[in-house]
$ cat upload.cif   # mmCIF, C-alpha atoms and all ligand atoms
data_entry
#
loop_
_atom_site.label_atom_id
_atom_site.label_comp_id
_atom_site.auth_asym_id
_atom_site.auth_seq_id
_atom_site.Cartn_x
_atom_site.Cartn_y
_atom_site.Cartn_z
CA MET A 1 -22.36 4.42 -13.18
CA THR A 2 -24.00 5.39 -9.90
CA SER A 3 -21.86 4.56 -6.88
CA MET A 4 -23.46 2.49 -4.14
CA ARG A 5 -21.34 4.28 -1.53
CA PRO A 6 -23.01 6.97 0.60
CA PRO A 7 -22.05 10.45 -0.68
CA ASN A 8 -19.45 12.63 1.16
CA LYS A 9 -17.98 9.71 3.07
CA THR A 10 -14.24 9.42 3.46
CA ILE A 11 -13.12 6.04 2.23
CA LEU A 12 -10.57 4.24 4.38
CA LEU A 13 -8.03 2.21 2.44
CA LYS A 14 -5.33 0.02 3.92
CA VAL A 15 -2.13 0.32 1.90
CA VAL A 16 0.79 -2.03 2.50
CA ILE A 17 4.31 -1.17 1.32
CA LEU A 18 6.55 -4.15 0.64
CA GLY A 19 10.07 -4.60 -0.66
CA ASP A 20 13.60 -5.52 0.36
CA GLY A 21 15.27 -3.85 3.32
CA GLY A 22 16.78 -0.49 2.41
CA VAL A 23 14.80 0.20 -0.79
CA GLY A 24 13.23 3.22 0.91
CA LYS A 25 9.77 2.14 2.11
CA SER A 26 9.90 4.11 5.38
CA CYS A 27 11.25 7.18 3.59
CA LEU A 28 8.42 6.92 1.05
CA MET A 29 5.79 6.79 3.78
CA ASN A 30 7.39 9.62 5.75
CA ARG A 31 7.75 11.82 2.70
CA PHE A 32 4.12 11.24 1.76
CA VAL A 33 2.63 11.67 5.24
CA SER A 34 4.91 14.27 6.84
CA ASN A 35 6.87 15.63 3.88
CA ARG A 36 10.07 14.69 5.72
CA TYR A 37 13.14 12.80 4.53
CA ASP A 38 15.70 11.13 6.76
CA GLU A 39 18.98 10.18 5.12
CA ASN A 40 19.78 7.93 8.12
CA SER A 41 16.48 6.09 8.37
CA PHE A 42 16.73 2.99 10.58
CA HIS A 43 15.57 -0.45 9.54
CA THR A 44 11.93 -1.02 10.42
CA ILE A 45 11.24 -3.77 12.96
CA GLY A 46 7.89 -5.45 12.26
CA VAL A 47 5.49 -2.84 10.93
CA GLU A 48 4.55 0.79 11.45
CA PHE A 49 1.53 2.63 10.19
CA MET A 50 0.52 6.22 9.57
CA ASN A 51 -2.67 7.77 8.22
CA LYS A 52 -2.90 10.38 5.52
CA ASP A 53 -5.90 12.03 3.89
CA LEU A 54 -5.87 12.30 0.13
CA GLU A 55 -8.37 13.50 -2.44
CA VAL A 56 -8.41 11.71 -5.77
CA ASP A 57 -10.80 12.60 -8.60
CA GLY A 58 -13.03 14.55 -6.19
CA GLU A 59 -13.33 11.70 -3.68
CA LYS A 60 -11.88 11.78 -0.17
CA TYR A 61 -9.76 8.96 1.11
CA THR A 62 -7.91 8.20 4.31
CA LEU A 63 -4.96 6.03 3.49
CA GLN A 64 -3.81 3.86 6.36
CA ILE A 65 -0.28 3.14 5.24
CA TRP A 66 1.57 0.14 6.61
CA ASP A 67 5.33 0.26 6.30
CA THR A 68 6.78 -3.21 6.75
CA ALA A 69 10.23 -4.52 7.63
CA GLY A 70 11.97 -5.73 4.49
CA GLN A 71 14.61 -7.82 6.23
CA GLU A 72 13.97 -11.56 6.07
CA ARG A 73 14.40 -12.01 9.84
CA PHE A 74 11.23 -9.93 10.40
CA ARG A 75 9.03 -12.03 8.13
CA ALA A 76 6.93 -13.49 10.94
CA LEU A 77 6.35 -10.03 12.38
CA ARG A 78 5.08 -8.44 9.18
CA THR A 79 2.94 -11.10 7.46
CA PRO A 80 0.04 -11.08 9.99
CA PHE A 81 -0.66 -7.50 8.93
CA TYR A 82 -1.33 -8.19 5.25
CA ARG A 83 -4.93 -9.27 5.75
CA GLY A 84 -7.58 -6.68 4.98
CA SER A 85 -5.31 -4.72 2.64
CA ASP A 86 -6.84 -2.75 -0.22
CA ILE A 87 -3.64 -1.81 -2.04
CA CYS A 88 -0.08 -3.13 -2.17
CA LEU A 89 2.97 -1.12 -3.26
CA LEU A 90 5.79 -3.43 -4.39
CA CYS A 91 9.00 -1.41 -4.05
CA PHE A 92 12.53 -1.82 -5.26
CA ALA A 93 15.45 0.58 -5.53
CA LEU A 94 16.61 1.56 -8.98
CA ASN A 95 20.24 1.06 -7.93
CA ASP A 96 19.67 -2.37 -6.36
CA HIS A 97 18.94 -5.06 -8.92
CA ILE A 98 18.57 -7.74 -6.24
CA SER A 99 15.65 -5.78 -4.81
CA PHE A 100 14.07 -5.75 -8.28
CA ARG A 101 14.57 -9.50 -8.66
CA ALA A 102 12.87 -9.98 -5.29
CA LEU A 103 9.59 -8.32 -6.37
CA GLY A 104 8.04 -11.64 -7.35
CA GLN A 105 8.72 -13.13 -3.93
CA TRP A 106 7.16 -10.09 -2.28
CA LYS A 107 4.09 -10.43 -4.45
CA ASP A 108 3.81 -14.15 -3.64
CA GLU A 109 4.25 -13.54 0.08
CA PHE A 110 1.54 -10.90 -0.01
CA ILE A 111 -0.91 -13.06 -1.95
CA LYS A 112 -0.33 -15.94 0.45
CA TYR A 113 -0.82 -14.03 3.70
CA ALA A 114 -3.36 -11.42 2.56
CA ASP A 115 -5.45 -14.24 1.11
CA ILE A 116 -6.50 -12.35 -2.02
CA LYS A 117 -7.10 -13.20 -5.65
CA ASN A 118 -4.06 -12.22 -7.64
CA ASN A 119 -5.75 -10.89 -10.78
CA GLN A 120 -8.19 -8.66 -8.92
CA PHE A 121 -5.85 -6.80 -6.63
CA PRO A 122 -4.35 -3.32 -7.07
CA PHE A 123 -0.62 -3.92 -7.05
CA ILE A 124 1.58 -0.94 -7.92
CA ALA A 125 5.25 -1.41 -8.79
CA VAL A 126 7.45 1.38 -7.44
CA GLY A 127 11.05 2.00 -8.51
CA ASN A 128 12.46 4.22 -5.75
CA LYS A 129 15.64 6.34 -5.56
CA ALA A 130 14.96 7.83 -8.98
CA ASP A 131 17.28 10.71 -8.07
CA ILE A 132 20.42 8.56 -8.50
CA ALA A 133 22.72 9.17 -11.46
CA PRO A 134 21.81 7.23 -14.62
CA SER A 135 25.13 5.36 -14.33
CA GLN A 136 24.02 3.96 -10.95
CA ARG A 137 20.84 2.42 -12.32
CA ASP A 138 21.18 -1.32 -12.61
CA THR A 139 17.72 -2.26 -13.84
CA THR A 140 16.60 -1.34 -17.33
CA SER A 141 13.17 -0.08 -18.42
CA ASP A 142 12.81 -3.20 -20.57
CA GLN A 143 13.38 -5.46 -17.56
CA ILE A 144 10.80 -3.53 -15.54
CA ASN A 145 8.22 -3.53 -18.34
CA GLU A 146 8.72 -7.23 -18.92
CA TRP A 147 8.30 -8.06 -15.24
CA CYS A 148 5.16 -5.93 -14.96
CA GLU A 149 3.71 -7.54 -18.08
CA ASP A 150 4.47 -11.07 -16.85
CA ASN A 151 2.88 -10.27 -13.52
CA LYS A 152 -0.12 -8.42 -14.99
CA ILE A 153 0.81 -5.23 -13.17
CA THR A 154 -0.42 -2.26 -15.15
CA ASN A 155 0.89 0.49 -12.90
CA TYR A 156 4.56 1.36 -12.48
CA ILE A 157 6.00 4.60 -11.17
CA GLU A 158 9.50 5.88 -10.35
CA THR A 159 9.78 7.87 -7.16
CA SER A 160 12.35 9.70 -5.09
CA SER A 161 11.64 10.34 -1.44
CA LYS A 162 14.86 12.32 -1.34
CA THR A 163 13.72 14.89 -3.90
CA ALA A 164 9.99 14.37 -3.26
CA THR A 165 9.44 13.28 -6.84
CA ASN A 166 6.26 11.35 -7.71
CA VAL A 167 5.59 10.40 -4.08
CA THR A 168 2.01 11.69 -3.85
CA GLU A 169 1.52 10.56 -7.44
CA ALA A 170 2.39 6.98 -6.48
CA PHE A 171 -0.34 6.88 -3.83
CA SER A 172 -2.84 8.64 -6.12
CA MET A 173 -2.07 6.11 -8.83
CA ALA A 174 -2.71 3.31 -6.35
CA VAL A 175 -6.05 4.77 -5.31
CA LYS A 176 -7.11 5.17 -8.94
CA GLN A 177 -6.25 1.56 -9.63
CA TRP A 178 -8.19 0.49 -6.53
CA LYS A 179 -11.18 2.54 -7.71
CA LYS A 180 -10.99 1.03 -11.17
CA LEU A 181 -11.03 -2.50 -9.81
CA GLU A 182 -13.79 -1.65 -7.34
CA LYS A 183 -16.00 -0.38 -10.16
CA GLN A 184 -15.26 -3.56 -12.08
CA THR A 185 -16.29 -5.69 -9.10
CA GLU A 186 -19.47 -3.62 -8.58
CA ARG A 187 -20.33 -4.14 -12.24
CA GLU A 188 -19.77 -7.87 -11.97
CA LEU A 189 -21.93 -8.09 -8.82
CA ARG A 190 -24.67 -6.07 -10.47
CA ASP A 191 -24.57 -8.32 -13.52
CA GLN A 192 -25.00 -11.27 -11.19
CA GLY A 193 -27.94 -9.48 -9.48
CA ASP A 194 -26.05 -9.78 -6.22
CA THR A 195 -25.80 -6.13 -5.21
CA ILE A 196 -25.93 -4.69 -1.70
CA ASP A 197 -27.01 -1.02 -1.56
CA LEU A 198 -24.72 0.55 1.06
CA THR A 199 -26.89 3.68 1.28
CA LYS A 200 -29.64 1.66 2.90
CA GLY A 201 -29.65 0.58 6.54
CA VAL A 202 -28.85 -3.03 7.29
CA THR A 203 -30.44 -4.86 10.18
CA ILE A 204 -28.28 -7.60 11.63
CA PRO A 205 -30.21 -10.32 13.46
CA GLN A 206 -29.18 -10.53 17.12
CA ASN A 207 -27.95 -14.06 16.76
CA ARG A 208 -25.51 -12.88 14.07
CA LEU A 209 -23.76 -10.37 16.35
CA CYS A 210 -20.44 -11.41 17.78
CA CYS A 211 -17.79 -9.89 19.99
CA SER A 212 -15.22 -7.66 18.37
CA THR A 213 -12.35 -5.52 19.53
CA SER A 214 -11.68 -2.16 17.98
CA PHE A 215 -8.67 -1.96 15.73
CA GLY A 216 -6.64 0.25 18.04
CA ASP A 217 -7.29 -1.90 21.08
CA SER A 218 -6.44 -5.16 19.46
CA ARG A 219 -3.19 -4.24 17.86
CA SER A 220 -1.57 -1.23 19.43
CA ASN A 221 -0.08 -3.23 22.29
CA SER A 222 1.96 -5.33 19.91
CA PRO A 223 5.67 -4.56 20.18
CA ALA A 224 5.92 -5.05 16.45
CA ILE A 225 3.74 -2.12 15.54
CA THR A 226 3.91 1.58 16.12
CA ALA A 227 0.92 3.80 15.37
CA ARG A 228 2.14 7.18 14.29
CA GLY A 229 -0.91 8.48 12.46
CA GLY A 230 -3.61 10.61 13.95
CA ASN A 231 -6.01 11.37 11.16
CA GLN A 232 -9.58 10.38 11.44
CA ALA A 233 -10.98 7.66 9.27
CA TYR A 234 -14.54 7.50 7.99
CA ALA A 235 -15.53 11.08 8.54
CA ASP A 236 -19.10 12.09 7.81
N1 LIG A 301 19.06 8.40 -3.03
C1 LIG A 301 17.98 8.04 -2.36
N2 LIG A 301 18.13 7.37 -1.21
C2 LIG A 301 17.01 7.00 -0.54
C3 LIG A 301 15.71 7.31 -1.00
N3 LIG A 301 14.83 6.80 -0.13
C4 LIG A 301 15.54 6.22 0.84
N4 LIG A 301 16.87 6.36 0.60
C5 LIG A 301 17.97 5.87 1.43
O1 LIG A 301 17.79 4.51 1.73
C6 LIG A 301 17.91 4.30 3.14
C7 LIG A 301 16.94 3.23 3.56
O2 LIG A 301 15.64 3.77 3.48
P1 LIG A 301 14.44 3.18 4.34
O3 LIG A 301 13.25 3.98 4.02
O4 LIG A 301 14.82 3.06 5.76
O5 LIG A 301 14.36 1.72 3.71
P2 LIG A 301 13.29 0.58 4.03
O6 LIG A 301 12.89 0.00 2.74
O7 LIG A 301 12.21 1.12 4.89
O8 LIG A 301 14.16 -0.48 4.85
P3 LIG A 301 13.67 -1.59 5.94
O9 LIG A 301 13.01 -0.83 7.04
O10 LIG A 301 14.91 -2.28 6.38
O11 LIG A 301 12.75 -2.51 5.23
C8 LIG A 301 17.65 5.68 3.77
O12 LIG A 301 18.33 5.84 4.97
C9 LIG A 301 18.11 6.63 2.73
O13 LIG A 301 19.47 6.91 2.96
C10 LIG A 301 15.59 8.02 -2.23
O14 LIG A 301 14.49 8.32 -2.76
N5 LIG A 301 16.77 8.35 -2.87
#
$ encode --input "upload.cif" --output "structure tokens"
Amino acid sequence: MTSMRPPNKTILLKVVILGDGGVGKSCLMNRFVSNRYDENSFHTIGVEFMNKDLEVDGEKYTLQIWDTAGQERFRALRTPFYRGSDICLLCFALNDHISFRALGQWKDEFIKYADIKNNQFPFIAVGNKADIAPSQRDTTSDQINEWCEDNKITNYIETSSKTATNVTEAFSMAVKQWKKLEKQTERELRDQGDTIDLTKGVTIPQNRLCCSTSFGDSRSNSPAITARGGNQAYAD
């Protein structure tokens, strides 16, 4: 299938990482973006984001990764940032069964505040802290498979930020799933004869223009968010 996207463009994807406090979301982001691991990582307050370039199947992406606070008391600070997401990583820790049981609530919270259609969104389930001893695992493969099946989640990966295992793979997997669903949507639009060719210029009538604030301006003053990324998005 021919892509409608202009060639050689870097695709910007917003990735949100959700899960209970302490499952390792910040460590996952830091390992992926900076290849660093902090054994004494502090609880996140609100949200933080970092950018990271990644190439998947010959296509260039800039992932804008949003690490959210898992503690319940920060709910109101994190949920406004779900909108506009392209991918959601639902994380739990393999030695914390309560965090596994909470995955459904995280998914529901995301669907509610991101305002997306459940069956068309790239959710990835991530079991973190895969480096722990087998005796410390308190969630079985059967339980994980069953939950993923019930929730129509086709992608599950076990990661360890501590040992840097499967961290890049988790994000690559997410991008592949996003791409798969995007192709599906393009196909459906084409079948409906409702296709917009992004390689062609679009003229917006003057009366359709409205005021907008750039992303950095509108959000970086919020005490709840810290921008730590510096990579460019949408490079030519
Ligand atoms: N063994 C092991 N421990 C990990 C791993 N990742 C994180 N941890 C530990 O878990 C702690 C919590 O990790 P964080 O990344 O801060 O957890 P979080 O999910 O961001 O927590 P909140 O910010 O409260 O939502 C870290 O301080 C590490 O000690 C991992 O892959 N393996």
$ residues_near_point --input "upload.cif" --point "(14.7, 4.3, -6.4)" --cutoff "6 Å" --atoms "all atoms listed in the file" --output "list of chain:residue names"
A:Ala93, A:Leu94, A:Gly127, A:Asn128, A:Lys129, A:Ala130
$ residues_near_ligand --input "upload.cif" --ligand "ligand LIG 301 (chain A)" --cutoff "9 Å" --atoms "only C-alpha atoms and all ligand atoms" --output "PyMOL selection string"
chain A and resi 17-30+37-47+67-71+91-93+95+128-132+159-165
$ write_last_selection --input "upload.cif" --atoms "C-alpha atoms" --output "PDB file, keeping the file's coordinate frame"
ATOM      1  CA  ILE A  17       4.310  -1.170   1.320  1.00  0.00           C
ATOM      2  CA  LEU A  18       6.550  -4.150   0.640  1.00  0.00           C
ATOM      3  CA  GLY A  19      10.070  -4.600  -0.660  1.00  0.00           C
ATOM      4  CA  ASP A  20      13.600  -5.520   0.360  1.00  0.00           C
ATOM      5  CA  GLY A  21      15.270  -3.850   3.320  1.00  0.00           C
ATOM      6  CA  GLY A  22      16.780  -0.490   2.410  1.00  0.00           C
ATOM      7  CA  VAL A  23      14.800   0.200  -0.790  1.00  0.00           C
ATOM      8  CA  GLY A  24      13.230   3.220   0.910  1.00  0.00           C
ATOM      9  CA  LYS A  25       9.770   2.140   2.110  1.00  0.00           C
ATOM     10  CA  SER A  26       9.900   4.110   5.380  1.00  0.00           C
ATOM     11  CA  CYS A  27      11.250   7.180   3.590  1.00  0.00           C
ATOM     12  CA  LEU A  28       8.420   6.920   1.050  1.00  0.00           C
ATOM     13  CA  MET A  29       5.790   6.790   3.780  1.00  0.00           C
ATOM     14  CA  ASN A  30       7.390   9.620   5.750  1.00  0.00           C
ATOM     15  CA  TYR A  37      13.140  12.800   4.530  1.00  0.00           C
ATOM     16  CA  ASP A  38      15.700  11.130   6.760  1.00  0.00           C
ATOM     17  CA  GLU A  39      18.980  10.180   5.120  1.00  0.00           C
ATOM     18  CA  ASN A  40      19.780   7.930   8.120  1.00  0.00           C
ATOM     19  CA  SER A  41      16.480   6.090   8.370  1.00  0.00           C
ATOM     20  CA  PHE A  42      16.730   2.990  10.580  1.00  0.00           C
ATOM     21  CA  HIS A  43      15.570  -0.450   9.540  1.00  0.00           C
ATOM     22  CA  THR A  44      11.930  -1.020  10.420  1.00  0.00           C
ATOM     23  CA  ILE A  45      11.240  -3.770  12.960  1.00  0.00           C
ATOM     24  CA  GLY A  46       7.890  -5.450  12.260  1.00  0.00           C
ATOM     25  CA  VAL A  47       5.490  -2.840  10.930  1.00  0.00           C
ATOM     26  CA  ASP A  67       5.330   0.260   6.300  1.00  0.00           C
ATOM     27  CA  THR A  68       6.780  -3.210   6.750  1.00  0.00           C
ATOM     28  CA  ALA A  69      10.230  -4.520   7.630  1.00  0.00           C
ATOM     29  CA  GLY A  70      11.970  -5.730   4.490  1.00  0.00           C
ATOM     30  CA  GLN A  71      14.610  -7.820   6.230  1.00  0.00           C
ATOM     31  CA  CYS A  91       9.000  -1.410  -4.050  1.00  0.00           C
ATOM     32  CA  PHE A  92      12.530  -1.820  -5.260  1.00  0.00           C
ATOM     33  CA  ALA A  93      15.450   0.580  -5.530  1.00  0.00           C
ATOM     34  CA  ASN A  95      20.240   1.060  -7.930  1.00  0.00           C
ATOM     35  CA  ASN A 128      12.460   4.220  -5.750  1.00  0.00           C
ATOM     36  CA  LYS A 129      15.640   6.340  -5.560  1.00  0.00           C
ATOM     37  CA  ALA A 130      14.960   7.830  -8.980  1.00  0.00           C
ATOM     38  CA  ASP A 131      17.280  10.710  -8.070  1.00  0.00           C
ATOM     39  CA  ILE A 132      20.420   8.560  -8.500  1.00  0.00           C
ATOM     40  CA  THR A 159       9.780   7.870  -7.160  1.00  0.00           C
ATOM     41  CA  SER A 160      12.350   9.700  -5.090  1.00  0.00           C
ATOM     42  CA  SER A 161      11.640  10.340  -1.440  1.00  0.00           C
ATOM     43  CA  LYS A 162      14.860  12.320  -1.340  1.00  0.00           C
ATOM     44  CA  THR A 163      13.720  14.890  -3.900  1.00  0.00           C
ATOM     45  CA  ALA A 164       9.990  14.370  -3.260  1.00  0.00           C
ATOM     46  CA  THR A 165       9.440  13.280  -6.840  1.00  0.00           C
TER      47      THR A 165
END
$ closest_residue --input "upload.cif" --among "A:Ala170, A:Val33, A:Leu13, A:Leu77" --to "Ala125 (chain A)" --atoms "only C-alpha atoms"
A:Ala170
$ residues_around --input "upload.cif" --residues "Phe110 (chain A)" --least-positions-apart "2" --cutoff "12 Å" --atoms "all atoms listed in the file" --output "PyMOL selection string"
chain A and resi 15-19+68+75+78-90+103-108+112-118+121-123
$ atom_distance --input "upload.cif" --atom1 "CA of Asn35 (chain A)" --atom2 "CA of Ile11 (chain A)"
22.2 Å
$ atom_distance --input "upload.cif" --atom1 "CA of Asp142 (chain A)" --atom2 "CA of Arg31 (chain A)"
28.2 Å
$ atom_distance --input "upload.cif" --atom1 "CA of Met50 (chain A)" --atom2 "CA of Gln64 (chain A)"
5.9 Å
$ closest_residue --input "upload.cif" --among "A:Arg73, A:Glu188, A:Asp138, A:Glu55" --to "Glu169 (chain A)" --atoms "all atoms listed in the file"
A:Glu55
$ residues_near_point --input "upload.cif" --point "(-12.9, 10.1, -0.5)" --cutoff "9 Å" --atoms "all atoms listed in the file" --output "JSON, numbers by chain"
{"A": [8, 9, 10, 11, 12, 53, 54, 55, 56, 57, 58, 59, 60, 61, 62]}
$ closest_residue --input "upload.cif" --among "A:His97, A:Ile124, A:Trp66, A:Asn51" --to "Gln143 (chain A)" --atoms "all atoms listed in the file"
A:His97
